[in-house]
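Chemist: This is entry.cif, which holds mmCIF, C-alpha atoms:
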```
data_final
#
loop_
_atom_site.group_PDB
_atom_site.id
_atom_site.type_symbol
_atom_site.label_atom_id
_atom_site.label_comp_id
_atom_site.auth_asym_id
_atom_site.auth_seq_id
_atom_site.Cartn_x
_atom_site.Cartn_y
_atom_site.Cartn_z
ATOM 1 C CA MET R 1 82.632 191.704 104.618
ATOM 2 C CA ILE R 2 82.116 188.928 102.152
ATOM 3 C CA THR R 3 81.791 185.493 103.713
ATOM 4 C CA GLU R 4 81.731 182.093 102.092
ATOM 5 C CA ARG R 5 78.229 180.846 101.395
ATOM 6 C CA PRO R 6 77.499 177.721 103.446
ATOM 7 C CA ALA R 7 76.872 174.568 101.495
ATOM 8 C CA GLN R 8 73.296 173.433 101.098
ATOM 9 C CA GLY R 9 72.084 171.425 104.075
ATOM 10 C CA ARG R 10 74.958 172.369 106.403
ATOM 11 C CA SER R 11 75.024 174.774 109.304
ATOM 12 C CA PRO R 12 77.269 177.814 108.806
ATOM 13 C CA GLY R 13 80.790 177.349 110.153
ATOM 14 C CA LEU R 14 80.744 173.510 110.068
ATOM 15 C CA ARG R 15 82.978 171.539 107.733
ATOM 16 C CA GLU R 16 81.860 168.462 105.962
ATOM 17 C CA ALA R 17 83.667 165.340 107.148
ATOM 18 C CA ALA R 18 86.297 164.033 104.749
ATOM 19 C CA PRO R 19 85.000 161.159 102.658
ATOM 20 C CA PRO R 20 86.340 157.671 103.482
ATOM 21 C CA ALA R 21 88.416 157.588 100.296
ATOM 22 C CA ALA R 22 90.205 160.822 101.282
ATOM 23 C CA ARG R 23 90.901 159.534 104.790
ATOM 24 C CA ALA R 24 92.290 156.299 103.371
ATOM 25 C CA THR R 25 94.516 158.270 101.007
ATOM 26 C CA ALA R 26 95.804 160.398 103.896
ATOM 27 C CA ARG R 27 96.632 157.271 105.899
ATOM 28 C CA ARG R 28 98.451 155.791 102.927
ATOM 29 C CA ASP R 29 100.427 159.019 102.517
ATOM 30 C CA ILE R 30 101.478 158.985 106.184
ATOM 31 C CA ARG R 31 102.517 155.340 105.944
ATOM 32 C CA ALA R 32 104.471 156.078 102.768
ATOM 33 C CA VAL R 33 106.365 158.928 104.439
ATOM 34 C CA LEU R 34 107.146 156.810 107.501
ATOM 35 C CA ALA R 35 108.286 153.950 105.280
ATOM 36 C CA ALA R 36 110.533 156.359 103.378
ATOM 37 C CA TYR R 37 112.208 157.515 106.589
ATOM 38 C CA VAL R 38 112.664 153.930 107.758
ATOM 39 C CA SER R 39 114.209 152.940 104.415
ATOM 40 C CA LEU R 40 116.766 155.738 104.801
ATOM 41 C CA THR R 41 118.221 153.898 107.794
ATOM 42 C CA LYS R 42 118.817 150.752 105.690
ATOM 43 C CA PRO R 43 117.351 148.314 108.256
ATOM 44 C CA GLN R 44 119.110 145.302 106.707
ATOM 45 C CA ILE R 45 122.488 146.868 107.473
ATOM 46 C CA VAL R 46 121.415 147.758 111.012
ATOM 47 C CA GLU R 47 120.291 144.174 111.548
ATOM 48 C CA LEU R 48 123.641 142.844 110.359
ATOM 49 C CA LEU R 49 125.533 145.210 112.671
ATOM 50 C CA LEU R 50 123.507 143.986 115.644
ATOM 51 C CA VAL R 51 124.495 140.404 114.791
ATOM 52 C CA THR R 52 128.063 141.302 115.765
ATOM 53 C CA THR R 53 127.259 143.754 118.570
ATOM 54 C CA ILE R 54 125.326 141.482 120.934
ATOM 55 C CA PRO R 55 127.803 138.552 120.926
ATOM 56 C CA ALA R 56 130.734 140.953 121.326
ATOM 57 C CA MET R 57 129.089 142.469 124.412
ATOM 58 C CA MET R 58 128.350 139.031 125.805
ATOM 59 C CA PHE R 59 131.904 137.809 125.404
ATOM 60 C CA ALA R 60 133.353 141.020 126.817
ATOM 61 C CA ALA R 61 131.151 140.481 129.893
ATOM 62 C CA ARG R 62 131.843 136.715 129.928
ATOM 63 C CA GLY R 63 128.109 136.152 130.086
ATOM 64 C CA TRP R 64 125.064 138.361 129.930
ATOM 65 C CA PRO R 65 126.014 142.032 130.299
ATOM 66 C CA ASP R 66 123.805 144.436 132.215
ATOM 67 C CA LEU R 67 120.530 144.400 130.292
ATOM 68 C CA GLY R 68 120.116 148.161 130.608
ATOM 69 C CA LEU R 69 123.557 148.697 129.106
ATOM 70 C CA MET R 70 122.778 146.231 126.338
ATOM 71 C CA ALA R 71 119.548 148.064 125.524
ATOM 72 C CA VAL R 72 121.368 151.412 125.378
ATOM 73 C CA VAL R 73 124.097 150.067 123.098
ATOM 74 C CA LEU R 74 121.584 148.359 120.809
ATOM 75 C CA ILE R 75 119.366 151.444 120.572
ATOM 76 C CA GLY R 76 122.275 153.868 120.343
ATOM 77 C CA GLY R 77 124.085 151.683 117.846
ATOM 78 C CA SER R 78 120.963 151.271 115.713
ATOM 79 C CA LEU R 79 120.369 155.029 115.719
ATOM 80 C CA ALA R 80 124.014 155.683 114.846
ATOM 81 C CA ALA R 81 123.942 153.199 111.976
ATOM 82 C CA GLY R 82 120.636 154.634 110.788
ATOM 83 C CA ALA R 83 122.049 158.149 110.960
ATOM 84 C CA ALA R 84 125.115 157.179 108.958
ATOM 85 C CA SER R 85 122.925 155.502 106.328
ATOM 86 C CA ALA R 86 120.528 158.460 106.092
ATOM 87 C CA LEU R 87 123.417 160.901 105.681
ATOM 88 C CA ASN R 88 124.911 158.542 103.101
ATOM 89 C CA CYS R 89 121.651 158.770 101.141
ATOM 90 C CA TYR R 90 121.775 162.565 101.410
ATOM 91 C CA ILE R 91 125.341 162.719 100.095
ATOM 92 C CA ASP R 92 124.772 160.130 97.352
ATOM 93 C CA ARG R 93 121.466 161.541 96.110
ATOM 94 C CA ASP R 94 123.097 162.536 92.818
ATOM 95 C CA ILE R 95 124.282 159.037 91.962
ATOM 96 C CA ASP R 96 121.481 157.001 93.544
ATOM 97 C CA GLN R 97 119.065 158.003 90.790
ATOM 98 C CA LEU R 98 121.520 156.699 88.179
ATOM 99 C CA MET R 99 121.798 153.189 89.616
ATOM 100 C CA ARG R 100 119.240 150.434 89.249
ATOM 101 C CA ARG R 101 120.010 149.175 92.770
ATOM 102 C CA THR R 102 119.350 152.538 94.429
ATOM 103 C CA LYS R 103 116.883 154.317 92.157
ATOM 104 C CA ARG R 104 113.978 153.579 94.533
ATOM 105 C CA ARG R 105 115.555 155.309 97.513
ATOM 106 C CA PRO R 106 113.476 158.217 98.879
ATOM 107 C CA LEU R 107 115.670 160.995 97.524
ATOM 108 C CA ALA R 108 116.001 159.349 94.125
ATOM 109 C CA THR R 109 112.204 159.134 93.859
ATOM 110 C CA HIS R 110 111.721 162.596 95.423
ATOM 111 C CA SER R 111 109.600 161.098 98.205
ATOM 112 C CA LEU R 112 111.490 163.267 100.713
ATOM 113 C CA THR R 113 113.394 166.521 100.393
ATOM 114 C CA PRO R 114 117.189 166.673 100.850
ATOM 115 C CA ARG R 115 116.733 169.110 103.737
ATOM 116 C CA ALA R 116 114.377 166.729 105.549
ATOM 117 C CA VAL R 117 116.796 163.834 105.095
ATOM 118 C CA LEU R 118 119.755 165.894 106.329
ATOM 119 C CA ILE R 119 117.864 166.986 109.451
ATOM 120 C CA PHE R 120 116.683 163.419 110.050
ATOM 121 C CA GLY R 121 120.206 161.999 109.787
ATOM 122 C CA LEU R 122 121.778 164.636 112.016
ATOM 123 C CA THR R 123 119.009 164.210 114.599
ATOM 124 C CA LEU R 124 119.512 160.447 114.757
ATOM 125 C CA ALA R 125 123.257 160.978 115.135
ATOM 126 C CA ALA R 126 122.791 163.479 117.954
ATOM 127 C CA VAL R 127 120.344 161.258 119.841
ATOM 128 C CA SER R 128 122.607 158.220 119.501
ATOM 129 C CA LEU R 129 125.639 160.087 120.828
ATOM 130 C CA VAL R 130 123.682 161.591 123.740
ATOM 131 C CA LEU R 131 122.509 158.092 124.704
ATOM 132 C CA MET R 132 126.002 156.634 124.468
ATOM 133 C CA ALA R 133 127.557 159.519 126.401
ATOM 134 C CA ALA R 134 124.939 159.392 129.150
ATOM 135 C CA PHE R 135 124.877 155.651 129.740
ATOM 136 C CA THR R 136 128.161 154.114 128.519
ATOM 137 C CA ASN R 137 131.649 155.659 128.613
ATOM 138 C CA TRP R 138 133.831 158.089 126.704
ATOM 139 C CA LEU R 139 135.573 155.405 124.594
ATOM 140 C CA ALA R 140 132.363 153.805 123.333
ATOM 141 C CA THR R 141 130.904 157.258 122.617
ATOM 142 C CA ALA R 142 134.026 158.424 120.785
ATOM 143 C CA LEU R 143 134.125 155.257 118.685
ATOM 144 C CA THR R 144 130.446 155.715 117.785
ATOM 145 C CA ALA R 145 131.021 159.324 116.708
ATOM 146 C CA ALA R 146 134.138 158.333 114.766
ATOM 147 C CA ALA R 147 132.259 155.576 112.939
ATOM 148 C CA ILE R 148 129.527 157.991 111.784
ATOM 149 C CA VAL R 149 132.042 160.608 110.628
ATOM 150 C CA TYR R 150 134.273 158.051 108.955
ATOM 151 C CA TYR R 151 131.419 156.437 107.021
ATOM 152 C CA ASP R 152 129.886 159.675 105.775
ATOM 153 C CA VAL R 153 132.871 161.988 105.394
ATOM 154 C CA VAL R 154 135.866 159.746 104.758
ATOM 155 C CA TYR R 155 134.151 156.883 102.921
ATOM 156 C CA THR R 156 131.072 158.358 101.218
ATOM 157 C CA LEU R 157 132.399 161.807 100.342
ATOM 158 C CA TRP R 158 135.995 160.879 99.582
ATOM 159 C CA LEU R 159 137.004 157.217 99.233
ATOM 160 C CA LYS R 160 133.907 155.894 97.462
ATOM 161 C CA ARG R 161 134.239 158.299 94.550
ATOM 162 C CA ARG R 162 138.012 158.381 94.223
ATOM 163 C CA THR R 163 139.662 154.998 94.750
ATOM 164 C CA PRO R 164 138.946 151.344 93.939
ATOM 165 C CA GLN R 165 140.194 150.559 97.442
ATOM 166 C CA ASN R 166 137.087 152.214 98.886
ATOM 167 C CA THR R 167 135.657 148.898 100.073
ATOM 168 C CA PHE R 168 138.869 148.018 101.911
ATOM 169 C CA TRP R 169 139.183 151.311 103.785
ATOM 170 C CA GLY R 170 135.435 151.562 104.248
ATOM 171 C CA GLY R 171 135.588 148.267 106.105
ATOM 172 C CA ILE R 172 136.836 150.112 109.182
ATOM 173 C CA CYS R 173 133.453 151.653 109.986
ATOM 174 C CA GLY R 174 131.656 148.401 109.140
ATOM 175 C CA ALA R 175 133.690 146.554 111.777
ATOM 176 C CA ALA R 176 133.488 149.356 114.357
ATOM 177 C CA PRO R 177 130.389 147.956 116.180
ATOM 178 C CA VAL R 178 132.552 145.159 117.599
ATOM 179 C CA LEU R 179 134.911 147.688 119.189
ATOM 180 C CA ILE R 180 132.029 149.882 120.368
ATOM 181 C CA ALA R 181 130.309 146.921 122.005
ATOM 182 C CA TRP R 182 133.480 145.770 123.731
ATOM 183 C CA ALA R 183 134.337 149.273 124.920
ATOM 184 C CA ALA R 184 130.817 149.824 126.274
ATOM 185 C CA VAL R 185 131.198 146.804 128.563
ATOM 186 C CA THR R 186 134.834 147.115 129.654
ATOM 187 C CA GLY R 187 135.921 150.689 128.904
ATOM 188 C CA THR R 188 138.746 149.327 126.758
ATOM 189 C CA VAL R 189 139.311 146.824 123.934
ATOM 190 C CA ALA R 190 141.094 143.534 124.631
ATOM 191 C CA PRO R 191 143.181 141.665 122.017
ATOM 192 C CA ILE R 192 140.333 139.235 121.369
ATOM 193 C CA GLY R 193 138.104 142.227 120.629
ATOM 194 C CA TRP R 194 140.593 143.384 118.008
ATOM 195 C CA ALA R 195 140.668 139.859 116.549
ATOM 196 C CA LEU R 196 136.877 139.910 116.119
ATOM 197 C CA PHE R 197 137.191 143.385 114.611
ATOM 198 C CA ALA R 198 139.667 141.934 112.098
ATOM 199 C CA VAL R 199 137.208 139.166 111.195
ATOM 200 C CA VAL R 200 134.483 141.662 110.280
ATOM 201 C CA PHE R 201 136.971 143.998 108.586
ATOM 202 C CA PHE R 202 138.417 141.367 106.241
ATOM 203 C CA TRP R 203 134.990 139.761 105.726
ATOM 204 C CA GLN R 204 133.620 142.854 104.032
ATOM 205 C CA MET R 205 135.631 142.358 100.832
ATOM 206 C CA PRO R 206 134.332 138.856 99.940
ATOM 207 C CA HIS R 207 130.928 140.056 101.187
ATOM 208 C CA PHE R 208 130.700 143.209 99.067
ATOM 209 C CA TYR R 209 132.689 142.349 95.915
ATOM 210 C CA PRO R 210 130.031 139.867 94.684
ATOM 211 C CA LEU R 211 127.434 142.638 95.001
ATOM 212 C CA ALA R 212 129.722 145.020 93.112
ATOM 213 C CA ILE R 213 130.139 142.364 90.395
ATOM 214 C CA LYS R 214 126.376 142.004 90.007
ATOM 215 C CA TYR R 215 125.861 145.775 89.802
ATOM 216 C CA LYS R 216 129.056 146.542 87.908
ATOM 217 C CA ASP R 217 127.205 148.418 85.155
ATOM 218 C CA ASP R 218 125.356 150.478 87.761
ATOM 219 C CA TYR R 219 128.569 151.646 89.385
ATOM 220 C CA ALA R 220 130.160 152.342 86.005
ATOM 221 C CA ARG R 221 127.151 154.453 84.977
ATOM 222 C CA ALA R 222 127.430 156.476 88.179
ATOM 223 C CA GLY R 223 131.201 156.896 87.832
ATOM 224 C CA ILE R 224 131.989 155.026 91.060
ATOM 225 C CA PRO R 225 135.372 153.226 90.812
ATOM 226 C CA MET R 226 134.406 149.990 92.528
ATOM 227 C CA LEU R 227 137.065 147.333 92.039
ATOM 228 C CA PRO R 228 135.084 145.211 89.504
ATOM 229 C CA VAL R 229 134.532 148.358 87.406
ATOM 230 C CA VAL R 230 138.147 149.525 87.089
ATOM 231 C CA ARG R 231 140.179 146.331 87.529
ATOM 232 C CA SER R 232 140.294 142.991 85.757
ATOM 233 C CA ALA R 233 138.258 139.975 86.789
ATOM 234 C CA ARG R 234 141.535 138.296 87.733
ATOM 235 C CA ARG R 235 142.347 141.084 90.208
ATOM 236 C CA VAL R 236 138.870 140.898 91.723
ATOM 237 C CA ASN R 237 139.090 137.107 91.999
ATOM 238 C CA ASN R 238 142.462 137.311 93.720
ATOM 239 C CA GLU R 239 141.187 139.812 96.271
ATOM 240 C CA ILE R 240 138.101 137.712 96.994
ATOM 241 C CA LEU R 241 140.300 134.696 97.722
ATOM 242 C CA ILE R 242 142.909 136.637 99.716
ATOM 243 C CA PHE R 243 140.397 138.365 101.953
ATOM 244 C CA THR R 244 138.350 135.219 102.466
ATOM 245 C CA VAL R 245 141.509 133.478 103.675
ATOM 246 C CA LEU R 246 142.336 136.456 105.928
ATOM 247 C CA THR R 247 138.797 136.373 107.343
ATOM 248 C CA VAL R 248 139.129 132.710 108.249
ATOM 249 C CA VAL R 249 142.653 133.204 109.647
ATOM 250 C CA ALA R 250 141.451 136.109 111.813
ATOM 251 C CA SER R 251 138.571 133.991 113.103
ATOM 252 C CA LEU R 252 140.971 131.206 114.042
ATOM 253 C CA ALA R 253 143.394 133.685 115.628
ATOM 254 C CA ALA R 254 140.629 134.620 118.074
ATOM 255 C CA TRP R 255 140.419 131.007 119.296
ATOM 256 C CA PRO R 256 143.574 130.887 121.460
ATOM 257 C CA LEU R 257 142.882 134.394 122.781
ATOM 258 C CA GLY R 258 140.070 133.136 124.977
ATOM 259 C CA MET R 259 137.472 131.340 122.871
ATOM 260 C CA GLY R 260 136.387 127.807 123.662
ATOM 261 C CA PRO R 261 136.065 124.637 121.572
ATOM 262 C CA ILE R 262 132.532 125.408 120.369
ATOM 263 C CA TYR R 263 133.746 128.618 118.785
ATOM 264 C CA GLY R 264 136.882 126.935 117.453
ATOM 265 C CA GLY R 265 134.988 124.098 115.791
ATOM 266 C CA THR R 266 132.451 126.493 114.334
ATOM 267 C CA ALA R 267 135.184 128.773 112.973
ATOM 268 C CA LEU R 268 136.873 125.806 111.289
ATOM 269 C CA VAL R 269 133.740 124.369 109.658
ATOM 270 C CA ALA R 270 132.043 127.634 108.711
ATOM 271 C CA GLY R 271 135.344 129.049 107.508
ATOM 272 C CA ALA R 272 135.966 126.021 105.301
ATOM 273 C CA VAL R 273 132.533 126.368 103.691
ATOM 274 C CA PHE R 274 133.011 130.097 103.224
ATOM 275 C CA LEU R 275 136.359 129.512 101.531
ATOM 276 C CA LEU R 276 134.850 126.781 99.354
ATOM 277 C CA GLU R 277 132.135 129.160 98.165
ATOM 278 C CA ALA R 278 134.759 131.778 97.313
ATOM 279 C CA VAL R 279 136.805 129.203 95.378
ATOM 280 C CA ARG R 280 133.686 128.127 93.467
ATOM 281 C CA LEU R 281 132.908 131.696 92.444
ATOM 282 C CA VAL R 282 136.473 132.317 91.304
ATOM 283 C CA GLY R 283 136.523 129.002 89.425
ATOM 284 C CA ARG R 284 133.334 129.886 87.520
ATOM 285 C CA SER R 285 134.794 133.287 86.683
ATOM 286 C CA ARG R 286 138.011 131.789 85.317
ATOM 287 C CA ARG R 287 136.087 129.276 83.204
ATOM 288 C CA GLY R 288 133.820 131.974 81.835
ATOM 289 C CA GLU R 289 130.702 130.398 83.323
ATOM 290 C CA PRO R 290 127.692 132.284 84.765
ATOM 291 C CA LEU R 291 128.844 133.559 88.153
ATOM 292 C CA ASN R 292 125.778 133.679 90.397
ATOM 293 C CA ALA R 293 127.852 136.086 92.500
ATOM 294 C CA MET R 294 125.023 136.683 94.967
ATOM 295 C CA ARG R 295 125.410 133.112 96.232
ATOM 296 C CA LEU R 296 128.683 134.123 97.899
ATOM 297 C CA PHE R 297 127.123 137.396 99.054
ATOM 298 C CA HIS R 298 124.299 135.599 100.871
ATOM 299 C CA TRP R 299 126.563 132.885 102.241
ATOM 300 C CA SER R 300 128.907 135.533 103.656
ATOM 301 C CA ILE R 301 126.018 136.843 105.771
ATOM 302 C CA THR R 302 125.212 133.328 106.942
ATOM 303 C CA TYR R 303 128.883 132.748 107.780
ATOM 304 C CA LEU R 304 129.167 135.886 109.915
ATOM 305 C CA THR R 305 125.908 135.117 111.708
ATOM 306 C CA ILE R 306 126.956 131.538 112.523
ATOM 307 C CA LEU R 307 130.391 132.641 113.706
ATOM 308 C CA PHE R 308 129.070 135.296 116.082
ATOM 309 C CA ILE R 309 126.374 132.975 117.412
ATOM 310 C CA ALA R 310 129.288 130.748 118.385
ATOM 311 C CA VAL R 311 130.905 133.739 120.121
ATOM 312 C CA ALA R 312 127.691 134.230 122.140
ATOM 313 C CA VAL R 313 127.450 130.547 123.026
ATOM 314 C CA ASP R 314 131.074 130.492 124.174
ATOM 315 C CA ALA R 315 130.363 133.485 126.404
ATOM 316 C CA LEU R 316 127.638 131.572 128.216
ATOM 317 C CA ILE R 317 129.480 128.313 128.918
#
```
What is this file in structure tokens?

Modeler:
Amino acid sequence: MITERPAQGRSPGLREAAPPAARATARRDIRAVLAAYVSLTKPQIVELLLVTTIPAMMFAARGWPDLGLMAVVLIGGSLAAGAASALNCYIDRDIDQLMRRTKRRPLATHSLTPRAVLIFGLTLAAVSLVLMAAFTNWLATALTAAAIVYYDVVYTLWLKRRTPQNTFWGGICGAAPVLIAWAAVTGTVAPIGWALFAVVFFWQMPHFYPLAIKYKDDYARAGIPMLPVVRSARRVNNEILIFTVLTVVASLAAWPLGMGPIYGGTALVAGAVFLLEAVRLVGRSRRGEPLNAMRLFHWSITYLTILFIAVAVDALI
């Protein structure tokens, strides 16, 4: 039997310790893989979903809900949103590498394999649904499952690639956390819960269209028929204004359904500023001036955050 000759100065059968540089490289590789998996879940989107989930639970409970239930819904909801985003990256891996906005995603850079991403997404989805089923109720669990399926199958696989109304119909799953939160607390959804759902649903058009305007060339290159790619600037402007107005109207419609004056005043002021920002963007577009579309995008996030903070405050007083 031929055996490997031991290195000079070492006892047979002992391995030389890895040099510090190799250990540092291994640690960096592990961190890079973990960071890639985290990025698949799109943490910014998860964070935004939680902004609506917690206040909706608080108002449904008319105060602080059971903290254990809140923890389950936050963890389960985060895992569900992360699963939907990871599966979205798996499905869109062909177009992500064509777009400047998405070319650094793990599958576009080949940091992870498609199989690993698929398993990761399905595992997150399964864990989230087990948590919701074990600790909430059938309605909240069913809504969570429906949101994942709708986002990945109906929106990502079908609507996104086939119709310029993809943002409109895709808004259903984006607003679903409000219904899930309400159902987790009460086992049903009250009219005021549907009003808050409508706020988030309509909000997604003036929130996303500015982003689609900024990355119009990206979407065109990938063959995705986002509204700014396949319709005129006038059509896009009109939809931004219409859906901003509908967002504000929906927020005000929630007021007489059980909200207090703090929410009402906040909805009026924040809604007026939101509408003003939309009008400014449309005005610059019509005059042919530089748009700075991301100003409306960022303000839309601020608007939604302020509005739902007011929902939480109203629940406590």

Chemist: I'd like the neighbourhood of segment 182-184 of chain R as a list in words, where a residue qualifies if any of its atoms comes within 7 Å (using only C-alpha atoms), though same-chain residues fewer than 3 positions away should be ignored.

Modeler: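 Once the nearby chain positions are removed, what remains is Ala56, Met57, Ala60, Thr136, Asn137, Leu139, Ala140, Val178, Leu179, Gly187, Thr188, Val189 and Gly193 of chain R.
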
Chemist: Could you name the residues that touch Tyr303 of chain R at 7 Å or less, counting all atoms listed in the file, but leaving out those on the same chain fewer than 4 positions away, as a count of residues only?

Modeler: 4

Chemist: Please identify all polymer residues within 6 Å of Ala125 of chain R, counting only C-alpha atoms, omitting same-chain residues fewer than 3 positions from it, and present them as a list in words.

Modeler: Ala80, Ala83, Leu122 and Ser128 of chain R

Chemist: Atom CA of Leu48 of chain R and atom CA of Gly82 of chain R, how far apart in Å?

Modeler: 12.2 Å

Chemist: For the structure shown, which residues end up in the PyMOL selection byres ((chain R and resi 199) around 8)? Put them as a list in words, please?

Modeler: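 Applied to this file, the PyMOL selection byres ((chain R and resi 199) around 8) selects Ala195, Leu196, Phe197, Ala198, Val200, Phe201, Phe202, Trp203, Leu246, Thr247, Val248, Ala250 and Ser251 of chain R.
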
Chemist: Please check which residues have atoms at most 12 Å from (122.9, 164.3, 100.3) in the file's coordinates, counting all atoms listed in the file, and write them as a PyMOL selection string.

Modeler: chain R and resi 40+84-96+105-108+112-122+152-153+156-157

Chemist: Could you tell me how far atom CA of Trp64 of chain R lies from atom CA of Ile317 of chain R, in Å and to one decimal?

Modeler: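 One can read the atom CA of Trp64 of chain R to atom CA of Ile317 of chain R distance as 11.0 Å.
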
Chemist: Determine, counting only C-alpha atoms, which protein, DNA and RNA residues have an atom within 6 Å of an atom of Pro55 of chain R; residues of the same chain fewer than 3 positions away are not included. Present the result as a list in words.

Modeler: Thr52, Met58, Phe308, Val311 and Ala312 of chain R

Chemist: Could you take the residues named above and write them with C-alpha atoms, as a PDB file, keeping the file's coordinate frame?

Modeler:
```
ATOM      1  CA  THR R  52     128.063 141.302 115.765  1.00  0.00           C
ATOM      2  CA  MET R  58     128.350 139.031 125.805  1.00  0.00           C
ATOM      3  CA  PHE R 308     129.070 135.296 116.082  1.00  0.00           C
ATOM      4  CA  VAL R 311     130.905 133.739 120.121  1.00  0.00           C
ATOM      5  CA  ALA R 312     127.691 134.230 122.140  1.00  0.00           C
TER       6      ALA R 312
END
```

Chemist: Using all atoms listed in the file - which residues lie no farther than 12 Å from the point (135.5, 128.1, 121.0) in the file's frame? Write them as number ranges by chain.

Modeler: R: 59, 251-268, 307-317

Chemist: Please expand the PyMOL selection byres ((chain R and resi 150) around 12) into the concrete residues it hits in this file, giving the result as a ChimeraX atom specification.

Modeler: /R:81,84-85,87-88,142-149,151-160,166,169-176

Chemist: In terms of the shortest atom-to-atom distance over only C-alpha atoms, which of R:Val46, R:Gln204, R:Val230, R:Phe297 is closest to Ile242 of chain R?

Modeler: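 Looking only at the distances to Ile242 of chain R, the closest residue turns out to be R:Gln204.
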
Chemist: Could you tell me which of R:Ser300, R:Thr305, R:Thr244, R:Thr102 comes closest to Val279 of chain R if we count all atoms listed in the file?

Modeler: R:Thr244

Chemist: With all atoms listed in the file as the basis for distance, which of R:Asp217, R:His110, R:Gly68, R:Val249 is at the shortest distance from Ala272 of chain R?

Modeler: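 Nearest candidate to Ala272 of chain R out of R:Asp217, R:His110, R:Gly68, R:Val249: R:Val249.
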
Chemist: Just the number, please: distance in Å from atom CA of Lys216 of chain R to atom CA of Thr163 of chain R, one decimal.

Modeler: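 Going from atom CA of Lys216 of chain R over to atom CA of Thr163 of chain R covers 15.2 Å.
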
Chemist: Around all the atoms of segment 57-63 of chain R listed in the file, with 4 Å of room on each side, what axis-aligned box do you get, giving centre and edge lengths in Å to one decimal, as JSON?

Modeler:
```
{"center_x": 130.7, "center_y": 139.3, "center_z": 127.2, "size_x": 13.2, "size_y": 14.3, "size_z": 13.7}
```

Chemist: Kindly resolve the PyMOL selection byres ((chain R and resi 233) around 12) on the present coordinates and return the residues as a list in words.

Modeler: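 Output of the PyMOL selection byres ((chain R and resi 233) around 12): Tyr209, Pro210, Ala212, Ile213, Lys216, Leu227, Pro228, Val229, Val230, Arg231, Ser232, Arg234, Arg235, Val236, Asn237, Asn238, Glu239, Ile240, Leu281, Val282, Gly283, Arg284, Ser285, Arg286, Arg287, Gly288 and Leu291 of chain R.
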
Chemist: Can you give me N, CA and C atoms for segment 42-53 of chain R, written as an mmCIF file, keeping the file's coordinate frame?

Modeler:
```cif
data_model
loop_
_atom_site.group_PDB
_atom_site.id
_atom_site.type_symbol
_atom_site.label_atom_id
_atom_site.label_comp_id
_atom_site.auth_asym_id
_atom_site.auth_seq_id
_atom_site.Cartn_x
_atom_site.Cartn_y
_atom_site.Cartn_z
ATOM 1 N N LYS R 42 118.340 152.037 106.220
ATOM 2 C CA LYS R 42 118.817 150.752 105.690
ATOM 3 C C LYS R 42 118.742 149.659 106.770
ATOM 4 N N PRO R 43 117.527 149.252 107.133
ATOM 5 C CA PRO R 43 117.351 148.314 108.256
ATOM 6 C C PRO R 43 118.136 147.018 108.112
ATOM 7 N N GLN R 44 118.361 146.556 106.870
ATOM 8 C CA GLN R 44 119.110 145.302 106.707
ATOM 9 C C GLN R 44 120.537 145.451 107.215
ATOM 10 N N ILE R 45 121.129 146.632 106.983
ATOM 11 C CA ILE R 45 122.488 146.868 107.473
ATOM 12 C C ILE R 45 122.496 146.962 108.993
ATOM 13 N N VAL R 46 121.512 147.654 109.551
ATOM 14 C CA VAL R 46 121.415 147.758 111.012
ATOM 15 C C VAL R 46 121.307 146.370 111.631
ATOM 16 N N GLU R 47 120.471 145.536 111.036
ATOM 17 C CA GLU R 47 120.291 144.174 111.548
ATOM 18 C C GLU R 47 121.601 143.405 111.538
ATOM 19 N N LEU R 48 122.371 143.561 110.458
ATOM 20 C CA LEU R 48 123.641 142.844 110.359
ATOM 21 C C LEU R 48 124.641 143.355 111.395
ATOM 22 N N LEU R 49 124.631 144.655 111.656
ATOM 23 C CA LEU R 49 125.533 145.210 112.671
ATOM 24 C C LEU R 49 125.202 144.670 114.059
ATOM 25 N N LEU R 50 123.915 144.496 114.338
ATOM 26 C CA LEU R 50 123.507 143.986 115.644
ATOM 27 C C LEU R 50 123.927 142.530 115.833
ATOM 28 N N VAL R 51 124.048 141.800 114.722
ATOM 29 C CA VAL R 51 124.495 140.404 114.791
ATOM 30 C C VAL R 51 125.884 140.312 115.411
ATOM 31 N N THR R 52 126.720 141.320 115.175
ATOM 32 C CA THR R 52 128.063 141.302 115.765
ATOM 33 C C THR R 52 128.105 142.005 117.118
ATOM 34 N N THR R 53 127.211 142.959 117.339
ATOM 35 C CA THR R 53 127.259 143.754 118.570
ATOM 36 C C THR R 53 126.896 142.939 119.803
#
```
